[in-house]
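Q: Starting off with a structure, shown below.
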Protein chains: 4
Amino acid sequence: MLLRRRLAAEGIGTGMLVAAVIGSGIMAQRLSPDDVGLQLLENTIATAGALVAIILAFGHVSGAHLNPVVTIVDRIFGGLRSTKEAVGYVIAQIVGGVLGAIIANLMFGLDAVNLSTHVRSGGGIWLGEIVATFGLLMIVFGVATSGRHVMAPFAVAGYITAAYFATSSTSFANPAVTIARTLSDSFAGIAPESAPGFVIAQVVGGAVGALAVFLVFMDSRKAESEDA
Amino acid sequence: MLLRRRLAAEGIGTGMLVAAVIGSGIMAQRLSPDDVGLQLLENTIATAGALVAIILAFGHVSGAHLNPVVTIVDRIFGGLRSTKEAVGYVIAQIVGGVLGAIIANLMFGLDAVNLSTHVRSGGGIWLGEIVATFGLLMIVFGVATSGRHVMAPFAVAGYITAAYFATSSTSFANPAVTIARTLSDSFAGIAPESAPGFVIAQVVGGAVGALAVFLVFMDSRKAESEDA
Amino acid sequence: MLLRRRLAAEGIGTGMLVAAVIGSGIMAQRLSPDDVGLQLLENTIATAGALVAIILAFGHVSGAHLNPVVTIVDRIFGGLRSTKEAVGYVIAQIVGGVLGAIIANLMFGLDAVNLSTHVRSGGGIWLGEIVATFGLLMIVFGVATSGRHVMAPFAVAGYITAAYFATSSTSFANPAVTIARTLSDSFAGIAPESAPGFVIAQVVGGAVGALAVFLVFMDSRKAESEDA
Amino acid sequence: MLLRRRLAAEGIGTGMLVAAVIGSGIMAQRLSPDDVGLQLLENTIATAGALVAIILAFGHVSGAHLNPVVTIVDRIFGGLRSTKEAVGYVIAQIVGGVLGAIIANLMFGLDAVNLSTHVRSGGGIWLGEIVATFGLLMIVFGVATSGRHVMAPFAVAGYITAAYFATSSTSFANPAVTIARTLSDSFAGIAPESAPGFVIAQVVGGAVGALAVFLVFMDSRKAESEDA
């Protein structure tokens with residue numbers, strides 16, 4: 001399929017994802033002011049719904065990575081044909097994500113760009129982000145190697161539903177989305193000065209996750225006595 | 001399949017959808033008076049459940065458009081055989097939607113028709129409705145062109161789950177449903193004077209969405225060097 | 001497959017469904033005392049989860065009717081081989097449902113049988129029950145005639161999710177479950193004196209629904225000019 | 001497939017499941033302090049999402065038992081090739097679960113191990129745990145014998161969604177997870193002195209469930225007159 005179309009899919013898909021994350025965060029904050037857990041639940045369910053829809057719609061065009069960590073690991077494992085393609089994917093994800101954040105802000109009557117003041121940092125938070133990215137790779141490549149690609153949207157949405165609540169960082173697990181979320185001073189935002197720590201944690205989680213993916217799902221060396 | 005049966009499917013399906021939207025809005029408003037976000041969450045989950053069920057049940061008969069924007073774009077892209085059929089679909093959707101609103105009102109002890117006084121207007125809201133309709137088309141036709149029609153119910157339900165919370169308009173994205181929702185002065189209602197603005201925004205979002213659908217999912221011109 | 005095994009599947013399946021409905025109602029009432037809408041949301045999500053699980057597990061054995069209305073309509077349309085079988089199904093559903101209610105009561109430290117005092121009656125409520133049963137049949141037989149039986153669990157669960165919130169009766173739509181729910185004086189209960197009205201409404205909704213199912217999904221008379 | 005890889009899948013999968021259960025419990029408790037039902041709803045939705053993701057990702061490697069009761073019953077019914085394998089599975093599940101609990105604690109800034117003080121005991125609670133484990137086996141082996149393995153993740157997640165709310169014990173139904181949950185003094189924890197009662201109830205429920213699984217899903221003796 002044309003690279004141009006695949007890049008458009010990655011860009012629009014990531015933009016729709018970010019608009020869903022930030023937009024539902026703003027809505028939740030405004031409509032459920034008394035319970036932050038309920039806000040996160042609303043944000044979670046909206047994000048999960050968006051992931052199911054977006055991956056089902058764009059997966060057959062571009063693979064629906066929507067995430068530089070997934071793209072880079074996919075390139076390492078040979079899923080993309082060239083590093084140039086991978087770079088294109090990452091740029092499309094970042095540009096799409098930024099546009100999605102701007103659209104979300106404008107829909108809710110906010111300035112197109114309003115930098116977040118939500119500081120997110122600390123050892124527990126960073127560990128959360130490492131764990132979140134590790135787990136995401138296990139799920140994405142676990143399903144991919146199962147041969148049941150049609151189930152990937154449900155696996156990713158299920159995973160993010162769990163990880164929003166189960167990790168202390170609320171599971172960004174995505175550098176393009178992290179960058180985009182610096183642009184909205186609302187529920188889902190992250191202060192620009194906190195973003196590098198998150199991206200570093202995502203890279204660490206991605207590296208550990210890629211290794212685990214190889215060992216669990218791809219290492220085809222066989223033991224003589226116990227192979228089925 | 002008989003056009004008569006397909007029109008019945010569109011009419012009953014849209015009626016059930018509108019009854020779910022309005023009925024769950026009334027129930028949510030009555031039972032969760034203290035938190036509007038929780039009301040919207042209940043309304044969202046009920047709507048998503050209805051979409052999964054209705055599209056699974058009626059999709060094989062009529063395609064389960066349930067939405068004039070989808071029908072018109074489908075006609076443009078050649079999915080329906082004639083404009084006469086498309087007109088029939090739209091009429092069935094509007095009539096079914098109106099009946100669904102009346103039944104919802106009657107179930108909850110309200111007058112069969114009680115016009116909404118809920119004004120919904122403004123630039124951010126209209127942008128929300130444009131974005132909502134654009135996104136709906138990307139999802140519907142993205143899945144349709146993937147060849148995985150059986151996944152369409154989950155994609156549409158996931159999308160609407162996200163869009164109810166992520167767009168400032170709470171994502172009507174459907175002229176037939178918009179008309180029907182003028183007939184109930186309750187949570188999901190929209191004042192008749194606000195309906196034209198919504199429908200115009202839906203048409204704009206539909207036009208932009210149809211163009212994007214063509215470019216991302218249907219444009220089959222190939223580049224020599226990079227086609228797979 | 002052995003009738004004995006199919007009856008066991010209907011009985012255990014209906015019992016598990018009723019235990020889920022009543023048990024989650026008790027839990028919701030105890031843990032979320034301040035918001036009845038939230039109680040209903042918890043009850044809804046638990047019921048939907050149970051339906052997905054139970055129909056996936058028992059559908060291949062007995063069809064997972066779990067509901068006398070479905071069994072009777074299925075018999076009318078030729079899905080069951082004999083009226084004797086249908087009678088067996090209905091008895092198994094009622095017995096299983098009663099046992100499920102008793103187990104739910106005992107798990108929560110209540111008397112095995114404690115008749116509900118929750119009066120549910122009135123024109124709007126009965127209309128709700130008619131609409132709920134009508135809709136259930138459209139969904140069940142719509143999916144059945146689509147040839148995608150594996151999707152039935154999701155269609156039914158999605159439908160009930162919508163109908164719990166969208167109908168004024170909270171959608172019992174099932175005579176066996178209605179009988180069982182008279183046995184617990186808790187959130188999901190129904191006073192014995194209200195049960196006959198509900199069952200009558202379910203029969204009316206079932207009759208109208210069966211007719212609509214025939215016209216929309218089964219009537220194979222073809223028109224010369226417009227058949228595809 | 002290599003046993004080594006299957007054990008890694010069971011260990012990592014159970015660890016991710018426990019981290020989701022405990023982590024989302026801590027998050028829910030902190031963010032929704034005013035409504036325990038809402039806490040349980042958040043915990044339930046996170047757990048269900050995790051189950052969908054983990055079983056989709058690891059099921060093709062190890063079967064994604066994630067639960068000693070499932071492993072032992074599977075061994076009895078001939079799903080695993082040797083008792084040695086089953087023992088390996090159970091050890092991997094326990095070790096993985098413990099590590100998942102520790103990681104959850106560390107992510108949220110708690111001591112790596114902090115024993116729960118949450119006493120859970122009493123006849124109703126134990127009956128809840130018996131029912132929960134019985135039901136889990138009906139669902140797991142019902143789907144397994146249907147030949148639709150790809151639906152298992154949704155069946156299990158749906159079941160646990162129902163059982164968290166519908167059983168008085170909130171449905172642990174898993175000895176490895178029970179042990180791991182003694183290690184966190186938070187929402188999802190269980191006091192070590194309560195764990196033996198839960199495990200005994202799970203064994204009882206497992207035994208009754210295995211018998212019912214055999215009678216309903218596996219007993220292939222045929223009756224002459226009524227077999228289809």
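Chain identifiers are assigned as A, B, and so on, following the order in which chains appear in the structure tokens; residues are numbered from 1 within each chain, and ligands are numbered from 1 in order of appearance.
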Please report as JSON lines every residue of chain C lying within 9 Å of chain D, along with the nearest atom pair and their distance in Å (one decimal), using only C-alpha atoms.

A:
```
{"residue": "C:Met1", "atom": "CA", "partner": "D:Ala228", "partner_atom": "CA", "distance": 5.3}
{"residue": "C:Leu2", "atom": "CA", "partner": "D:Asp227", "partner_atom": "CA", "distance": 5.1}
{"residue": "C:Leu3", "atom": "CA", "partner": "D:Glu226", "partner_atom": "CA", "distance": 6.7}
{"residue": "C:Arg4", "atom": "CA", "partner": "D:Val216", "partner_atom": "CA", "distance": 8.7}
{"residue": "C:Arg5", "atom": "CA", "partner": "D:Val216", "partner_atom": "CA", "distance": 5.3}
{"residue": "C:Arg6", "atom": "CA", "partner": "D:Val216", "partner_atom": "CA", "distance": 7.8}
{"residue": "C:Ala8", "atom": "CA", "partner": "D:Val216", "partner_atom": "CA", "distance": 6.6}
{"residue": "C:Ala9", "atom": "CA", "partner": "D:Val216", "partner_atom": "CA", "distance": 6.6}
{"residue": "C:Met16", "atom": "CA", "partner": "D:Gly135", "partner_atom": "CA", "distance": 7.5}
{"residue": "C:Ala19", "atom": "CA", "partner": "D:Ala166", "partner_atom": "CA", "distance": 6.8}
{"residue": "C:Ala20", "atom": "CA", "partner": "D:Ala166", "partner_atom": "CA", "distance": 4.9}
{"residue": "C:Val21", "atom": "CA", "partner": "D:Ala166", "partner_atom": "CA", "distance": 7.2}
{"residue": "C:Ile22", "atom": "CA", "partner": "D:Ala166", "partner_atom": "CA", "distance": 7.2}
{"residue": "C:Gly23", "atom": "CA", "partner": "D:Ala166", "partner_atom": "CA", "distance": 4.0}
{"residue": "C:Ser24", "atom": "CA", "partner": "D:Ala166", "partner_atom": "CA", "distance": 4.0}
{"residue": "C:Gly25", "atom": "CA", "partner": "D:Ala166", "partner_atom": "CA", "distance": 7.5}
{"residue": "C:Ile26", "atom": "CA", "partner": "D:Ala166", "partner_atom": "CA", "distance": 7.8}
{"residue": "C:Met27", "atom": "CA", "partner": "D:Phe165", "partner_atom": "CA", "distance": 6.0}
{"residue": "C:Ala28", "atom": "CA", "partner": "D:Gly37", "partner_atom": "CA", "distance": 6.1}
{"residue": "C:Gln29", "atom": "CA", "partner": "D:Gly37", "partner_atom": "CA", "distance": 8.5}
{"residue": "C:Arg30", "atom": "CA", "partner": "D:Gly37", "partner_atom": "CA", "distance": 7.9}
{"residue": "C:Leu31", "atom": "CA", "partner": "D:Gly37", "partner_atom": "CA", "distance": 4.4}
{"residue": "C:Ser32", "atom": "CA", "partner": "D:Gly37", "partner_atom": "CA", "distance": 4.7}
{"residue": "C:Pro33", "atom": "CA", "partner": "D:Asp35", "partner_atom": "CA", "distance": 8.1}
{"residue": "C:Asp34", "atom": "CA", "partner": "D:Asp35", "partner_atom": "CA", "distance": 8.1}
{"residue": "C:Leu38", "atom": "CA", "partner": "D:Leu38", "partner_atom": "CA", "distance": 7.7}
{"residue": "C:Gln39", "atom": "CA", "partner": "D:Gly37", "partner_atom": "CA", "distance": 8.0}
{"residue": "C:Glu42", "atom": "CA", "partner": "D:Leu41", "partner_atom": "CA", "distance": 6.7}
{"residue": "C:Asn43", "atom": "CA", "partner": "D:Phe165", "partner_atom": "CA", "distance": 7.9}
{"residue": "C:Ile45", "atom": "CA", "partner": "D:Ala162", "partner_atom": "CA", "distance": 7.2}
{"residue": "C:Ala46", "atom": "CA", "partner": "D:Ala162", "partner_atom": "CA", "distance": 3.9}
{"residue": "C:Thr47", "atom": "CA", "partner": "D:Ala162", "partner_atom": "CA", "distance": 6.2}
{"residue": "C:Ala48", "atom": "CA", "partner": "D:Gly158", "partner_atom": "CA", "distance": 7.4}
{"residue": "C:Gly49", "atom": "CA", "partner": "D:Gly158", "partner_atom": "CA", "distance": 3.7}
{"residue": "C:Ala50", "atom": "CA", "partner": "D:Ala162", "partner_atom": "CA", "distance": 5.3}
{"residue": "C:Leu51", "atom": "CA", "partner": "D:Gly158", "partner_atom": "CA", "distance": 7.6}
{"residue": "C:Val52", "atom": "CA", "partner": "D:Gly158", "partner_atom": "CA", "distance": 5.8}
{"residue": "C:Ala53", "atom": "CA", "partner": "D:Ala155", "partner_atom": "CA", "distance": 4.1}
{"residue": "C:Ile54", "atom": "CA", "partner": "D:Ile139", "partner_atom": "CA", "distance": 6.6}
{"residue": "C:Ile55", "atom": "CA", "partner": "D:Ala155", "partner_atom": "CA", "distance": 8.7}
{"residue": "C:Leu56", "atom": "CA", "partner": "D:Val143", "partner_atom": "CA", "distance": 6.0}
{"residue": "C:Ala57", "atom": "CA", "partner": "D:Gly142", "partner_atom": "CA", "distance": 4.2}
{"residue": "C:Phe58", "atom": "CA", "partner": "D:Gly142", "partner_atom": "CA", "distance": 6.2}
{"residue": "C:Gly59", "atom": "CA", "partner": "D:Ser146", "partner_atom": "CA", "distance": 8.3}
{"residue": "C:His60", "atom": "CA", "partner": "D:Ser146", "partner_atom": "CA", "distance": 5.9}
{"residue": "C:Val61", "atom": "CA", "partner": "D:Phe217", "partner_atom": "CA", "distance": 7.6}
{"residue": "C:Ile103", "atom": "CA", "partner": "D:Val131", "partner_atom": "CA", "distance": 8.5}
{"residue": "C:Ala104", "atom": "CA", "partner": "D:Thr167", "partner_atom": "CA", "distance": 7.5}
{"residue": "C:Leu106", "atom": "CA", "partner": "D:Gly124", "partner_atom": "CA", "distance": 6.3}
{"residue": "C:Met107", "atom": "CA", "partner": "D:Gly124", "partner_atom": "CA", "distance": 4.4}
{"residue": "C:Phe108", "atom": "CA", "partner": "D:Ser168", "partner_atom": "CA", "distance": 5.6}
{"residue": "C:Gly109", "atom": "CA", "partner": "D:Gly124", "partner_atom": "CA", "distance": 5.6}
{"residue": "C:Leu110", "atom": "CA", "partner": "D:Gly124", "partner_atom": "CA", "distance": 9.0}
{"residue": "C:Val150", "atom": "CA", "partner": "D:Arg148", "partner_atom": "CA", "distance": 8.4}
```

Q: Mind checking DSSP for region 41-215 of chain B and telling me the helix (DSSP H, G or I) residues as a JSON list (two decimals) with C-alpha atoms, in the first residue's frame?

A:
```json
[["chain", "number", "residue", "atom", "x", "y", "z"],
["B", 41, "LEU", "CA", -21.42, 7.74, 31.32],
["B", 42, "GLU", "CA", -24.66, 5.83, 31.78],
["B", 43, "ASN", "CA", -26.06, 7.33, 28.59],
["B", 44, "THR", "CA", -22.85, 6.44, 26.75],
["B", 45, "ILE", "CA", -22.71, 2.83, 27.88],
["B", 46, "ALA", "CA", -26.37, 2.30, 27.01],
["B", 47, "THR", "CA", -25.88, 3.84, 23.57],
["B", 48, "ALA", "CA", -22.80, 1.75, 22.89],
["B", 49, "GLY", "CA", -24.60, -1.42, 23.92],
["B", 50, "ALA", "CA", -27.51, -0.56, 21.65],
["B", 51, "LEU", "CA", -25.21, 0.06, 18.70],
["B", 52, "VAL", "CA", -23.47, -3.29, 19.08],
["B", 53, "ALA", "CA", -26.80, -5.10, 19.27],
["B", 54, "ILE", "CA", -28.61, -3.21, 16.53],
["B", 55, "ILE", "CA", -25.80, -3.33, 13.96],
["B", 56, "LEU", "CA", -25.24, -7.03, 14.63],
["B", 57, "ALA", "CA", -28.96, -7.73, 14.19],
["B", 58, "PHE", "CA", -29.80, -5.48, 11.23],
["B", 59, "GLY", "CA", -26.47, -5.14, 9.43],
["B", 60, "HIS", "CA", -27.00, -8.17, 7.21],
["B", 61, "VAL", "CA", -30.39, -6.87, 6.09],
["B", 62, "SER", "CA", -29.83, -3.20, 5.35],
["B", 68, "PRO", "CA", -28.51, 9.82, 6.72],
["B", 69, "VAL", "CA", -24.90, 10.99, 6.50],
["B", 70, "VAL", "CA", -23.70, 7.41, 6.23],
["B", 71, "THR", "CA", -26.41, 6.62, 3.68],
["B", 72, "ILE", "CA", -25.56, 9.60, 1.48],
["B", 73, "VAL", "CA", -21.82, 8.95, 1.56],
["B", 74, "ASP", "CA", -22.44, 5.27, 0.92],
["B", 75, "ARG", "CA", -24.53, 6.23, -2.11],
["B", 76, "ILE", "CA", -21.75, 8.51, -3.38],
["B", 83, "THR", "CA", -30.64, 7.50, -5.24],
["B", 84, "LYS", "CA", -34.22, 6.40, -4.78],
["B", 85, "GLU", "CA", -33.03, 3.73, -2.37],
["B", 86, "ALA", "CA", -30.96, 6.27, -0.49],
["B", 87, "VAL", "CA", -33.98, 8.57, -0.17],
["B", 88, "GLY", "CA", -35.98, 5.65, 1.16],
["B", 89, "TYR", "CA", -33.29, 4.90, 3.72],
["B", 90, "VAL", "CA", -33.24, 8.50, 4.95],
["B", 91, "ILE", "CA", -37.00, 8.69, 5.26],
["B", 92, "ALA", "CA", -37.09, 5.39, 7.13],
["B", 93, "GLN", "CA", -34.37, 6.62, 9.49],
["B", 94, "ILE", "CA", -36.22, 9.85, 10.26],
["B", 95, "VAL", "CA", -39.61, 8.18, 10.72],
["B", 96, "GLY", "CA", -38.10, 5.41, 12.84],
["B", 97, "GLY", "CA", -36.18, 7.90, 14.94],
["B", 98, "VAL", "CA", -39.27, 9.99, 15.63],
["B", 99, "LEU", "CA", -41.22, 6.90, 16.67],
["B", 100, "GLY", "CA", -38.36, 5.85, 18.91],
["B", 101, "ALA", "CA", -38.42, 9.22, 20.66],
["B", 102, "ILE", "CA", -42.18, 9.02, 21.18],
["B", 103, "ILE", "CA", -41.93, 5.50, 22.63],
["B", 104, "ALA", "CA", -39.13, 6.58, 24.98],
["B", 105, "ASN", "CA", -41.23, 9.49, 26.23],
["B", 106, "LEU", "CA", -44.28, 7.29, 26.77],
["B", 107, "MET", "CA", -42.33, 4.61, 28.63],
["B", 123, "GLY", "CA", -18.48, 27.71, 17.73],
["B", 124, "GLY", "CA", -16.86, 25.07, 19.91],
["B", 125, "ILE", "CA", -19.99, 22.93, 19.89],
["B", 126, "TRP", "CA", -20.33, 23.14, 16.11],
["B", 127, "LEU", "CA", -16.66, 22.28, 15.70],
["B", 128, "GLY", "CA", -17.33, 19.33, 17.97],
["B", 129, "GLU", "CA", -20.11, 18.17, 15.70],
["B", 130, "ILE", "CA", -17.95, 18.58, 12.59],
["B", 131, "VAL", "CA", -15.18, 16.55, 14.19],
["B", 132, "ALA", "CA", -17.63, 13.92, 15.43],
["B", 133, "THR", "CA", -19.13, 13.35, 11.99],
["B", 134, "PHE", "CA", -15.73, 13.38, 10.28],
["B", 135, "GLY", "CA", -14.47, 10.75, 12.69],
["B", 136, "LEU", "CA", -17.56, 8.59, 12.34],
["B", 137, "LEU", "CA", -17.05, 8.38, 8.59],
["B", 138, "MET", "CA", -13.38, 7.51, 8.97],
["B", 139, "ILE", "CA", -14.31, 4.63, 11.27],
["B", 140, "VAL", "CA", -17.33, 3.35, 9.32],
["B", 141, "PHE", "CA", -15.64, 3.34, 5.93],
["B", 142, "GLY", "CA", -12.26, 2.34, 7.34],
["B", 143, "VAL", "CA", -13.77, -0.84, 8.68],
["B", 144, "ALA", "CA", -15.89, -1.34, 5.56],
["B", 145, "THR", "CA", -12.83, -1.21, 3.31],
["B", 146, "SER", "CA", -10.93, -3.58, 5.59],
["B", 149, "HIS", "CA", -17.67, -6.19, 8.19],
["B", 150, "VAL", "CA", -18.38, -8.32, 11.24],
["B", 151, "MET", "CA", -16.27, -5.90, 13.26],
["B", 152, "ALA", "CA", -18.28, -2.81, 12.28],
["B", 153, "PRO", "CA", -20.61, -2.96, 15.30],
["B", 154, "PHE", "CA", -17.69, -2.84, 17.71],
["B", 155, "ALA", "CA", -15.94, -0.09, 15.78],
["B", 156, "VAL", "CA", -19.01, 2.14, 15.71],
["B", 157, "ALA", "CA", -19.87, 1.48, 19.35],
["B", 158, "GLY", "CA", -16.28, 2.12, 20.40],
["B", 159, "TYR", "CA", -16.20, 5.32, 18.40],
["B", 160, "ILE", "CA", -19.43, 6.67, 19.86],
["B", 161, "THR", "CA", -18.27, 5.76, 23.36],
["B", 162, "ALA", "CA", -15.22, 7.92, 22.81],
["B", 163, "ALA", "CA", -17.02, 10.71, 20.99],
["B", 164, "TYR", "CA", -19.80, 11.20, 23.56],
["B", 165, "PHE", "CA", -17.10, 12.25, 26.03],
["B", 166, "ALA", "CA", -14.43, 13.61, 23.72],
["B", 175, "PRO", "CA", -29.31, 14.18, 11.33],
["B", 176, "ALA", "CA", -32.10, 11.63, 11.86],
["B", 177, "VAL", "CA", -31.20, 11.21, 15.50],
["B", 178, "THR", "CA", -30.83, 14.98, 15.88],
["B", 179, "ILE", "CA", -34.38, 15.52, 14.61],
["B", 180, "ALA", "CA", -35.71, 12.81, 16.92],
["B", 181, "ARG", "CA", -33.91, 14.26, 19.92],
["B", 192, "PRO", "CA", -35.50, 22.61, 17.77],
["B", 193, "GLU", "CA", -33.84, 25.96, 17.11],
["B", 194, "SER", "CA", -30.43, 24.34, 17.73],
["B", 195, "ALA", "CA", -31.04, 21.45, 15.34],
["B", 196, "PRO", "CA", -30.27, 23.26, 12.06],
["B", 197, "GLY", "CA", -26.83, 24.29, 13.30],
["B", 198, "PHE", "CA", -26.11, 20.70, 14.24],
["B", 199, "VAL", "CA", -27.29, 19.33, 10.90],
["B", 200, "ILE", "CA", -25.21, 21.88, 9.00],
["B", 201, "ALA", "CA", -22.15, 20.94, 11.04],
["B", 202, "GLN", "CA", -22.86, 17.27, 10.34],
["B", 203, "VAL", "CA", -23.05, 17.97, 6.62],
["B", 204, "VAL", "CA", -19.74, 19.86, 6.75],
["B", 205, "GLY", "CA", -18.09, 17.11, 8.77],
["B", 206, "GLY", "CA", -19.57, 14.55, 6.40],
["B", 207, "ALA", "CA", -18.15, 16.30, 3.34],
["B", 208, "VAL", "CA", -14.67, 16.61, 4.82],
["B", 209, "GLY", "CA", -14.89, 13.06, 6.10],
["B", 210, "ALA", "CA", -15.95, 11.67, 2.73],
["B", 211, "LEU", "CA", -12.97, 13.33, 1.08],
["B", 212, "ALA", "CA", -10.59, 11.92, 3.71],
["B", 213, "VAL", "CA", -12.18, 8.48, 3.35],
["B", 214, "PHE", "CA", -11.51, 8.58, -0.37],
["B", 215, "LEU", "CA", -7.90, 9.67, 0.04]]
```
